[in-house]
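S.K.: File name upload_7.pdb; file contents PDB, C-alpha atoms and all ligand atoms; full text below.
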ATOM      1  CA  MET B   1     175.801-103.577  72.656
ATOM      2  CA  LEU B   2     178.544-101.629  70.952
ATOM      3  CA  ASP B   3     177.994 -98.267  69.353
ATOM      4  CA  GLU B   4     180.746 -96.289  67.726
ATOM      5  CA  THR B   5     181.036 -93.486  70.210
ATOM      6  CA  LEU B   6     179.686 -95.295  73.267
ATOM      7  CA  LEU B   7     180.827 -98.473  74.978
ATOM      8  CA  ILE B   8     178.062-100.228  76.871
ATOM      9  CA  THR B   9     178.119-103.075  79.341
ATOM     10  CA  LYS B  10     175.293-104.496  81.431
ATOM     11  CA  GLN B  11     175.597-106.319  84.737
ATOM     12  CA  ASP B  12     173.801-106.841  88.048
ATOM     13  CA  GLY B  13     170.734-104.832  87.036
ATOM     14  CA  TYR B  14     172.463-101.715  85.711
ATOM     15  CA  ALA B  15     174.243-100.517  82.580
ATOM     16  CA  LEU B  16     177.575 -98.760  82.286
ATOM     17  CA  ILE B  17     177.857 -96.351  79.360
ATOM     18  CA  GLN B  18     181.290 -95.014  78.524
ATOM     19  CA  ILE B  19     181.637 -92.059  76.184
ATOM     20  CA  ASN B  20     184.347 -93.054  73.745
ATOM     21  CA  ARG B  21     185.821 -90.162  71.777
ATOM     22  CA  PRO B  22     189.196 -89.926  73.517
ATOM     23  CA  GLN B  23     190.787 -88.097  70.583
ATOM     24  CA  ALA B  24     188.429 -85.155  71.205
ATOM     25  CA  LEU B  25     188.342 -85.398  75.021
ATOM     26  CA  ASN B  26     184.879 -86.946  74.623
ATOM     27  CA  ALA B  27     183.437 -83.753  73.141
ATOM     28  CA  LEU B  28     179.719 -84.251  72.672
ATOM     29  CA  ASN B  29     179.064 -84.098  68.950
ATOM     30  CA  SER B  30     175.650 -84.782  67.413
ATOM     31  CA  GLN B  31     176.440 -88.461  67.022
ATOM     32  CA  VAL B  32     177.305 -88.972  70.698
ATOM     33  CA  LEU B  33     174.181 -87.140  71.809
ATOM     34  CA  LYS B  34     171.959 -89.099  69.415
ATOM     35  CA  GLU B  35     173.449 -92.422  70.469
ATOM     36  CA  LEU B  36     173.278 -91.552  74.140
ATOM     37  CA  TYR B  37     169.575 -90.812  73.912
ATOM     38  CA  LYS B  38     168.968 -93.910  71.791
ATOM     39  CA  VAL B  39     170.833 -96.203  74.189
ATOM     40  CA  LEU B  40     169.172 -94.769  77.289
ATOM     41  CA  SER B  41     165.738 -95.074  75.639
ATOM     42  CA  VAL B  42     166.416 -98.745  74.911
ATOM     43  CA  LEU B  43     167.634 -99.300  78.481
ATOM     44  CA  ASP B  44     164.518 -97.555  79.800
ATOM     45  CA  ASN B  45     162.521-100.467  78.350
ATOM     46  CA  ASP B  46     165.021-103.171  79.273
ATOM     47  CA  ASN B  47     163.705-105.330  82.088
ATOM     48  CA  ASP B  48     167.228-106.309  83.120
ATOM     49  CA  VAL B  49     168.259-102.742  83.905
ATOM     50  CA  LYS B  50     167.064-100.408  86.656
ATOM     51  CA  CYS B  51     169.613 -97.639  86.348
ATOM     52  CA  SER B  52     172.601 -96.518  84.301
ATOM     53  CA  ILE B  53     176.008 -95.007  84.846
ATOM     54  CA  ILE B  54     177.521 -92.568  82.356
ATOM     55  CA  THR B  55     181.263 -92.098  82.474
ATOM     56  CA  GLY B  56     184.162 -90.972  80.315
ATOM     57  CA  ASN B  57     187.836 -91.796  80.650
ATOM     58  CA  GLU B  58     190.590 -90.729  83.010
ATOM     59  CA  LYS B  59     191.299 -87.484  81.156
ATOM     60  CA  ALA B  60     187.748 -86.369  80.400
ATOM     61  CA  PHE B  61     184.154 -87.105  81.198
ATOM     62  CA  ALA B  62     183.437 -84.714  78.311
ATOM     63  CA  ALA B  63     185.173 -81.426  77.451
ATOM     64  CA  GLY B  64     181.979 -79.835  76.168
ATOM     65  CA  ALA B  65     179.781 -79.750  73.136
ATOM     66  CA  ASP B  66     181.878 -80.235  70.005
ATOM     67  CA  ILE B  67     183.253 -76.775  69.217
ATOM     68  CA  LYS B  68     184.464 -77.847  65.763
ATOM     69  CA  GLU B  69     180.951 -78.913  64.804
ATOM     70  CA  MET B  70     179.408 -75.586  65.863
ATOM     71  CA  ALA B  71     182.054 -72.996  65.092
ATOM     72  CA  ASP B  72     180.830 -71.931  61.619
ATOM     73  CA  LYS B  73     177.085 -72.070  62.197
ATOM     74  CA  SER B  74     174.868 -69.009  62.060
ATOM     75  CA  GLY B  75     172.364 -68.258  64.800
ATOM     76  CA  GLU B  76     169.536 -69.379  62.552
ATOM     77  CA  GLN B  77     171.286 -72.651  61.723
ATOM     78  CA  MET B  78     172.088 -73.302  65.361
ATOM     79  CA  PHE B  79     168.447 -72.743  66.267
ATOM     80  CA  SER B  80     166.910 -74.734  63.428
ATOM     81  CA  ASP B  81     169.430 -77.627  63.491
ATOM     82  CA  ASN B  82     168.526 -78.052  67.155
ATOM     83  CA  GLN B  83     171.545 -80.336  67.464
ATOM     84  CA  PHE B  84     171.147 -80.694  71.224
ATOM     85  CA  GLU B  85     167.614 -82.032  70.875
ATOM     86  CA  PRO B  86     168.592 -85.614  71.830
ATOM     87  CA  PHE B  87     170.198 -84.143  74.934
ATOM     88  CA  TYR B  88     167.034 -82.203  75.850
ATOM     89  CA  LYS B  89     165.084 -85.443  75.404
ATOM     90  CA  LEU B  90     167.132 -87.126  78.124
ATOM     91  CA  ARG B  91     164.635 -85.523  80.498
ATOM     92  CA  SER B  92     162.169 -88.187  79.433
ATOM     93  CA  ILE B  93     164.375 -91.077  80.621
ATOM     94  CA  ARG B  94     162.531 -92.619  83.536
ATOM     95  CA  LYS B  95     165.260 -94.701  85.156
ATOM     96  CA  PRO B  96     167.944 -93.009  87.261
ATOM     97  CA  ILE B  97     171.282 -92.091  85.718
ATOM     98  CA  ILE B  98     174.509 -91.761  87.698
ATOM     99  CA  ALA B  99     177.339 -89.610  86.342
ATOM    100  CA  ALA B 100     180.786 -90.969  87.239
ATOM    101  CA  VAL B 101     183.108 -88.063  86.536
ATOM    102  CA  ASN B 102     186.831 -88.242  85.911
ATOM    103  CA  GLY B 103     188.876 -85.418  84.416
ATOM    104  CA  PHE B 104     187.250 -82.577  82.497
ATOM    105  CA  ALA B 105     183.505 -82.030  82.667
ATOM    106  CA  LEU B 106     183.267 -78.694  80.895
ATOM    107  CA  GLY B 107     180.502 -76.834  79.089
ATOM    108  CA  GLY B 108     178.134 -79.422  77.644
ATOM    109  CA  GLY B 109     180.069 -82.070  79.619
ATOM    110  CA  CYS B 110     179.238 -80.345  82.889
ATOM    111  CA  GLU B 111     175.678 -79.904  81.626
ATOM    112  CA  LEU B 112     175.395 -83.619  80.873
ATOM    113  CA  VAL B 113     176.656 -84.368  84.378
ATOM    114  CA  MET B 114     174.017 -82.058  85.843
ATOM    115  CA  ALA B 115     171.291 -83.649  83.713
ATOM    116  CA  CYS B 116     172.046 -86.946  85.469
ATOM    117  CA  ASP B 117     170.365 -87.842  88.746
ATOM    118  CA  MET B 118     173.358 -88.506  90.980
ATOM    119  CA  ILE B 119     176.982 -87.477  90.584
ATOM    120  CA  ILE B 120     180.077 -89.315  91.800
ATOM    121  CA  ALA B 121     183.297 -87.437  91.117
ATOM    122  CA  SER B 122     186.905 -88.474  91.286
ATOM    123  CA  GLU B 123     189.277 -86.194  93.208
ATOM    124  CA  THR B 124     190.797 -85.155  89.887
ATOM    125  CA  ALA B 125     187.533 -84.129  88.211
ATOM    126  CA  LYS B 126     187.427 -80.578  86.853
ATOM    127  CA  PHE B 127     184.072 -78.947  86.261
ATOM    128  CA  GLY B 128     183.233 -75.673  84.581
ATOM    129  CA  GLN B 129     181.058 -73.661  82.225
ATOM    130  CA  PRO B 130     183.754 -71.959  80.111
ATOM    131  CA  GLU B 131     181.438 -70.943  77.260
ATOM    132  CA  ILE B 132     182.024 -67.254  77.966
ATOM    133  CA  ASN B 133     185.604 -67.757  76.756
ATOM    134  CA  LEU B 134     184.140 -68.786  73.382
ATOM    135  CA  GLY B 135     181.823 -65.791  73.212
ATOM    136  CA  VAL B 136     178.701 -67.762  74.097
ATOM    137  CA  ILE B 137     176.769 -69.027  77.101
ATOM    138  CA  PRO B 138     175.823 -72.578  78.177
ATOM    139  CA  GLY B 139     173.380 -74.067  75.690
ATOM    140  CA  MET B 140     172.499 -77.390  77.284
ATOM    141  CA  GLY B 141     170.781 -76.226  80.446
ATOM    142  CA  GLY B 142     173.855 -75.123  82.404
ATOM    143  CA  SER B 143     172.547 -71.718  83.416
ATOM    144  CA  GLN B 144     169.424 -73.273  84.862
ATOM    145  CA  ARG B 145     170.759 -76.465  86.444
ATOM    146  CA  LEU B 146     173.942 -74.937  87.883
ATOM    147  CA  THR B 147     171.948 -72.089  89.417
ATOM    148  CA  ARG B 148     169.513 -74.530  90.976
ATOM    149  CA  ALA B 149     172.399 -76.648  92.277
ATOM    150  CA  VAL B 150     174.750 -74.013  93.699
ATOM    151  CA  GLY B 151     172.617 -70.861  93.978
ATOM    152  CA  LYS B 152     172.547 -67.622  92.007
ATOM    153  CA  TYR B 153     175.750 -65.972  93.208
ATOM    154  CA  LYS B 154     178.152 -68.870  92.703
ATOM    155  CA  ALA B 155     176.523 -69.779  89.368
ATOM    156  CA  MET B 156     176.826 -66.173  88.215
ATOM    157  CA  GLU B 157     180.535 -66.137  89.089
ATOM    158  CA  LEU B 158     181.157 -69.462  87.356
ATOM    159  CA  LEU B 159     179.374 -68.444  84.155
ATOM    160  CA  LEU B 160     180.915 -64.985  84.047
ATOM    161  CA  THR B 161     184.503 -66.070  84.734
ATOM    162  CA  GLY B 162     184.379 -69.439  82.974
ATOM    163  CA  ASP B 163     186.704 -70.684  85.721
ATOM    164  CA  MET B 164     187.046 -74.407  86.290
ATOM    165  CA  PHE B 165     186.253 -75.767  89.728
ATOM    166  CA  SER B 166     187.431 -78.847  91.568
ATOM    167  CA  ALA B 167     185.537 -81.889  92.771
ATOM    168  CA  GLU B 168     186.137 -80.689  96.313
ATOM    169  CA  ASP B 169     184.446 -77.352  95.537
ATOM    170  CA  ALA B 170     181.622 -79.142  93.723
ATOM    171  CA  MET B 171     181.089 -81.234  96.857
ATOM    172  CA  LYS B 172     181.169 -78.164  99.104
ATOM    173  CA  TRP B 173     178.583 -76.398  96.919
ATOM    174  CA  GLY B 174     176.221 -79.369  96.806
ATOM    175  CA  LEU B 175     176.757 -80.277  93.169
ATOM    176  CA  VAL B 176     178.047 -83.828  93.668
ATOM    177  CA  ASN B 177     177.024 -86.731  95.874
ATOM    178  CA  LYS B 178     180.480 -88.042  96.673
ATOM    179  CA  VAL B 179     184.151 -87.523  95.857
ATOM    180  CA  VAL B 180     186.453 -90.538  95.729
ATOM    181  CA  PRO B 181     190.026 -91.261  94.620
ATOM    182  CA  SER B 182     190.170 -91.789  90.883
ATOM    183  CA  GLU B 183     190.909 -95.525  91.143
ATOM    184  CA  PHE B 184     187.664 -96.103  93.086
ATOM    185  CA  LEU B 185     185.378 -93.990  90.874
ATOM    186  CA  ILE B 186     183.763 -96.743  88.829
ATOM    187  CA  GLU B 187     183.611 -99.106  91.779
ATOM    188  CA  GLU B 188     181.773 -96.455  93.830
ATOM    189  CA  ALA B 189     179.326 -95.677  91.022
ATOM    190  CA  LYS B 190     178.699 -99.384  90.484
ATOM    191  CA  SER B 191     178.047 -99.939  94.155
ATOM    192  CA  LEU B 192     175.424 -97.157  94.114
ATOM    193  CA  ALA B 193     173.911 -98.539  90.904
ATOM    194  CA  LYS B 194     173.759-102.030  92.396
ATOM    195  CA  LYS B 195     171.945-100.732  95.477
ATOM    196  CA  ILE B 196     169.321 -99.112  93.259
ATOM    197  CA  ALA B 197     169.099-102.240  91.099
ATOM    198  CA  ASN B 198     167.961-104.139  94.190
ATOM    199  CA  LYS B 199     164.953-101.866  94.703
ATOM    200  CA  PRO B 200     161.478-102.315  93.207
ATOM    201  CA  LEU B 201     161.408-100.778  89.728
ATOM    202  CA  ILE B 202     158.149 -98.817  89.841
ATOM    203  CA  ALA B 203     159.144 -97.136  93.109
ATOM    204  CA  VAL B 204     162.605 -96.390  91.622
ATOM    205  CA  ILE B 205     161.012 -94.672  88.630
ATOM    206  CA  SER B 206     158.514 -92.820  90.823
ATOM    207  CA  SER B 207     161.297 -91.606  93.140
ATOM    208  CA  LYS B 208     163.176 -90.062  90.224
ATOM    209  CA  GLU B 209     160.006 -88.489  88.923
ATOM    210  CA  VAL B 210     158.933 -86.861  92.183
ATOM    211  CA  VAL B 211     162.399 -85.514  93.056
ATOM    212  CA  ASN B 212     162.625 -83.931  89.606
ATOM    213  CA  LYS B 213     159.185 -82.390  90.110
ATOM    214  CA  ALA B 214     160.630 -80.520  93.094
ATOM    215  CA  ASN B 215     162.682 -78.505  90.630
ATOM    216  CA  ASP B 216     159.914 -78.109  88.085
ATOM    217  CA  LEU B 217     156.875 -77.204  90.149
ATOM    218  CA  PHE B 218     155.853 -74.839  92.899
ATOM    219  CA  LEU B 219     155.905 -76.554  96.298
ATOM    220  CA  ARG B 220     152.111 -76.735  96.526
ATOM    221  CA  ASP B 221     151.834 -78.463  93.136
ATOM    222  CA  GLY B 222     154.799 -80.695  93.906
ATOM    223  CA  LEU B 223     153.267 -81.881  97.157
ATOM    224  CA  GLU B 224     150.002 -82.660  95.403
ATOM    225  CA  TYR B 225     151.908 -84.530  92.682
ATOM    226  CA  GLU B 226     153.775 -86.586  95.276
ATOM    227  CA  ARG B 227     150.514 -87.426  97.101
ATOM    228  CA  LYS B 228     149.072 -88.783  93.847
ATOM    229  CA  LYS B 229     152.169 -90.810  92.941
ATOM    230  CA  PHE B 230     152.389 -92.173  96.478
ATOM    231  CA  ALA B 231     148.798 -93.424  96.329
ATOM    232  CA  GLU B 232     149.380 -94.945  92.867
ATOM    233  CA  LEU B 233     152.133 -97.164  94.245
ATOM    234  CA  PHE B 234     149.525 -98.880  96.429
ATOM    235  CA  ASP B 235     148.192-100.488  93.252
ATOM    236  CA  THR B 236     151.512-102.279  92.649
ATOM    237  CA  GLU B 237     152.392-105.818  93.686
ATOM    238  CA  ASP B 238     155.706-104.586  95.053
ATOM    239  CA  GLN B 239     154.001-102.326  97.591
ATOM    240  CA  LYS B 240     151.941-105.266  98.841
ATOM    241  CA  GLU B 241     155.043-107.472  98.938
ATOM    242  CA  GLY B 242     157.277-104.802 100.491
ATOM    243  CA  MET B 243     154.955-104.024 103.384
ATOM    244  CA  LYS B 244     154.014-107.686 103.921
ATOM    245  CA  ALA B 245     157.704-108.675 104.002
ATOM    246  CA  PHE B 246     158.372-105.991 106.607
ATOM    247  CA  ILE B 247     155.561-107.237 108.828
ATOM    248  CA  GLU B 248     156.657-110.866 108.367
ATOM    249  CA  LYS B 249     160.277-109.873 109.122
ATOM    250  CA  ARG B 250     161.686-111.246 105.862
ATOM    251  CA  LYS B 251     163.418-109.848 102.774
ATOM    252  CA  ALA B 252     161.044-108.645 100.056
ATOM    253  CA  VAL B 253     161.090-110.397  96.695
ATOM    254  CA  TRP B 254     160.438-107.768  94.022
ATOM    255  CA  LYS B 255     158.421-108.509  90.912
ATOM    256  CA  ASN B 256     158.878-105.017  89.515
ATOM    257  CA  LYS B 257     155.155-104.867  88.938
TER     258      LYS B 257
HETATM  259  N1  LIG Y 301     185.118 -79.652  71.110
HETATM  260  C1  LIG Y 301     185.879 -80.156  70.119
HETATM  261  N2  LIG Y 301     187.118 -80.613  70.309
HETATM  262  C2  LIG Y 301     187.628 -80.535  71.548
HETATM  263  C3  LIG Y 301     186.903 -80.016  72.623
HETATM  264  C4  LIG Y 301     185.588 -79.570  72.368
HETATM  265  N3  LIG Y 301     184.785 -79.091  73.341
HETATM  266  N4  LIG Y 301     187.686 -80.061  73.729
HETATM  267  C5  LIG Y 301     188.847 -80.599  73.338
HETATM  268  N5  LIG Y 301     188.829 -80.886  72.033
HETATM  269  C6  LIG Y 301     189.887 -81.480  71.212
HETATM  270  C7  LIG Y 301     190.992 -80.479  70.939
HETATM  271  O1  LIG Y 301     190.659 -79.641  69.865
HETATM  272  C8  LIG Y 301     192.147 -81.425  70.622
HETATM  273  O2  LIG Y 301     191.998 -81.898  69.331
HETATM  274  P1  LIG Y 301     193.276 -81.926  68.326
HETATM  275  O3  LIG Y 301     194.213 -82.918  68.973
HETATM  276  O4  LIG Y 301     192.696 -82.393  67.042
HETATM  277  O5  LIG Y 301     193.829 -80.553  68.312
HETATM  278  C9  LIG Y 301     191.904 -82.592  71.577
HETATM  279  O6  LIG Y 301     190.512 -82.524  71.923
HETATM  280  C10 LIG Y 301     192.710 -82.506  72.859
HETATM  281  O7  LIG Y 301     192.460 -81.256  73.452
HETATM  282  P2  LIG Y 301     193.636 -80.244  73.923
HETATM  283  O8  LIG Y 301     194.832 -80.423  73.077
HETATM  284  O9  LIG Y 301     193.049 -78.874  73.975
HETATM  285  O10 LIG Y 301     193.913 -80.829  75.376
HETATM  286  P3  LIG Y 301     194.523 -80.059  76.631
HETATM  287  O11 LIG Y 301     194.808 -81.103  77.646
HETATM  288  O12 LIG Y 301     195.629 -79.163  76.202
HETATM  289  O13 LIG Y 301     193.350 -79.087  77.162
HETATM  290  C11 LIG Y 301     191.058 -78.585  77.807
HETATM  291  C12 LIG Y 301     192.195 -79.643  77.730
HETATM  292  C13 LIG Y 301     191.466 -77.475  78.807
HETATM  293  C14 LIG Y 301     189.818 -79.280  78.282
HETATM  294  C15 LIG Y 301     190.879 -77.955  76.399
HETATM  295  O14 LIG Y 301     190.756 -79.001  75.454
HETATM  296  C16 LIG Y 301     189.639 -77.087  76.291
HETATM  297  O15 LIG Y 301     189.649 -75.975  76.769
HETATM  298  N6  LIG Y 301     188.568 -77.609  75.635
HETATM  299  C17 LIG Y 301     187.370 -76.855  75.396
HETATM  300  C18 LIG Y 301     186.519 -76.705  76.655
HETATM  301  C19 LIG Y 301     185.289 -75.873  76.359
HETATM  302  O16 LIG Y 301     185.388 -74.697  76.039
HETATM  303  N7  LIG Y 301     184.106 -76.490  76.470
HETATM  304  C20 LIG Y 301     182.850 -75.830  76.177
HETATM  305  C21 LIG Y 301     182.439 -76.145  74.774
HETATM  306  S1  LIG Y 301     181.077 -75.167  74.210
HETATM  307  C22 LIG Y 301     179.743 -75.882  74.910
HETATM  308  O17 LIG Y 301     179.806 -76.900  75.579
HETATM  309  C23 LIG Y 301     178.448 -75.160  74.628
HETATM  310  C24 LIG Y 301     177.291 -75.675  75.402
HETATM  311  O18 LIG Y 301     177.054 -75.332  76.525
HETATM  312  C25 LIG Y 301     176.326 -76.540  74.761
END
What is this file in structure tokens?

M.R.:
Amino acid sequence: MLDETLLITKQDGYALIQINRPQALNALNSQVLKELYKVLSVLDNDNDVKCSIITGNEKAFAAGADIKEMADKSGEQMFSDNQFEPFYKLRSIRKPIIAAVNGFALGGGCELVMACDMIIASETAKFGQPEINLGVIPGMGGSQRLTRAVGKYKAMELLLTGDMFSAEDAMKWGLVNKVVPSEFLIEEAKSLAKKIANKPLIAVISSKEVVNKANDLFLRDGLEYERKKFAELFDTEDQKEGMKAFIEKRKAVWKNK
């Protein structure tokens, strides 16, 4: 598959999606967001893929929403165009997404990272929500996801100062899963993706769903939701196979059913 602003490869049960607008530091214009949602929707129904990696290039994961595309819009236009809609719809993607972050992940770029399910950062990654320097605030979920990830006080500081922060800080604050030297970034993300690709698909999808519910629901409702999903997995062939294989001391063979 080759789209104009995205480069996509598939291997070993996962897909690698590279944002490809180097001339604009991978700024997320409407086309990138539309294509990203389209590609991930297709992959969600692709039996050869269990998870995806989104990455950028050495200089930038993505330096934000495309400022040039938004600069002249009125409030009404911004609201009615709803140009980030494809981004909001990424919430419906059922298979896990790993962000592999090199260089700048700013504004909408940082928000895209946080909309993913796991985050691997290179030592040179630079995160931030600098929208305040443009006279606005994050518009792709940053205020909500950053606050949930790092807590109110740090999020408040980061939004109000617009300061960039390092991969090391992101790790310290619980925003990323792992920090690796730049040359190992893709390798590390692929190794995580490969691990997930070897798991039974329905349980992979259910795991993503229940962890996300922890953010969306009150604990009592979340626990009830998990109980229901857990029971549902007992109607899958993979649960029968997985538990039988354990008892028979052999490796499970997944049917993804
Ligand atoms: N939108 C559009 N174009 C962008 C861009 C963006 N977010 N970020 C960079 N570019 C473009 C630049 O305009 C420049 O294009 P030209 O060569 O045509 O002038 C090109 O990418 C290279 O950028 P720089 O010359 O600025 O590169 P640099 O290395 O000197 O600086 C940077 C890098 C510090 C990341 C700087 O580009 C920058 O500050 N970018 C903007 C970051 C930002 O404010 N992001 C938030 C955007 S708003 C947002 O995302 C709202 C939201 O929450 C939804």

S.K.: Pull out every residue that the PyMOL selection byres (((chain B and resi 194) around 10) and not hetatm) matches in the shown coordinates and put them as a PyMOL selection string.

M.R.: chain B and resi 11-15+50-52+188-193+195-199

S.K.: Could you list, as number ranges by chain, all the residues within 6 Å of ligand LIG 301 (chain Y), counting only C-alpha atoms and all ligand atoms?

M.R.: B: 23-25, 27, 63-68, 104, 106-108, 130-131, 138-140

S.K.: My list of candidates is B:Val39, B:Ile120, B:Val32, B:Glu4. Which is closest to Glu187 (chain B) when distances are computed with all atoms listed in the file?

M.R.: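 Distance minimum relative to Glu187 (chain B) lands on B:Ile120.
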
S.K.: Which one is closest to Glu85 (chain B): B:Glu35, B:Asp44, B:Glu237, B:Asp221? Count all atoms listed in the file.

M.R.: B:Glu35

S.K.: Using CA of Leu16 (chain B) and CA of Leu40 (chain B) as the two end points, give the distance in Å to one decimal.

M.R.: 10.6 Å

S.K.: I want to know what sits within 8 Å of region 90-92 of chain B, based on all atoms listed in the file, with residues of the same chain fewer than 2 positions away left out; could you give that as a ChimeraX atom specification?

M.R.: /B:37,40,86-88,94,115

S.K.: Translate the PyMOL selection byres (((chain B and resi 167) around 9) and not hetatm) into a concrete residue list for this structure, as a list in words.

M.R.: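 Those residues are Ala121, Ser122, Glu123, Thr124, Ala125, Lys126, Phe127, Phe165, Ser166, Glu168, Asp169, Ala170, Met171, Lys172, Leu175, Val176, Lys178 and Val179 of chain B.
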
S.K.: May I have the residues within 12 Å of Val253 (chain B) as a PyMOL selection string, using only C-alpha atoms and disregarding those fewer than 3 positions away in the same chain?

M.R.: chain B and resi 198-201+237-246+250+256-257

S.K.: So which residues get picked by the PyMOL selection byres (((chain B and resi 147) around 12) and not hetatm) here, written as a VMD selection string?

M.R.: chain B and resid 111 114 129 138 141 to 146 148 to 159 173 to 175 215

S.K.: Using CA of Ala231 (chain B) and CA of Ala203 (chain B) as the two end points, give the distance in Å to one decimal.

M.R.: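 So the two atoms, CA of Ala231 (chain B) and CA of Ala203 (chain B), lie 11.5 Å apart.
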
S.K.: Select, from B:Ala252, B:Thr55, B:Val136, B:Ser30, the residue with the minimum atom-to-atom distance to Asp81 (chain B), counting all atoms listed in the file.

M.R.: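 So, comparing all the options, the nearest one is B:Ser30.
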
S.K.: Between B:Thr161, B:Lys249, B:Ala99, B:Leu219, which one has atoms that come closest to Leu134 (chain B), using all atoms listed in the file?

M.R.: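 Using all atoms listed in the file, Leu134 (chain B) sits closest to B:Thr161.
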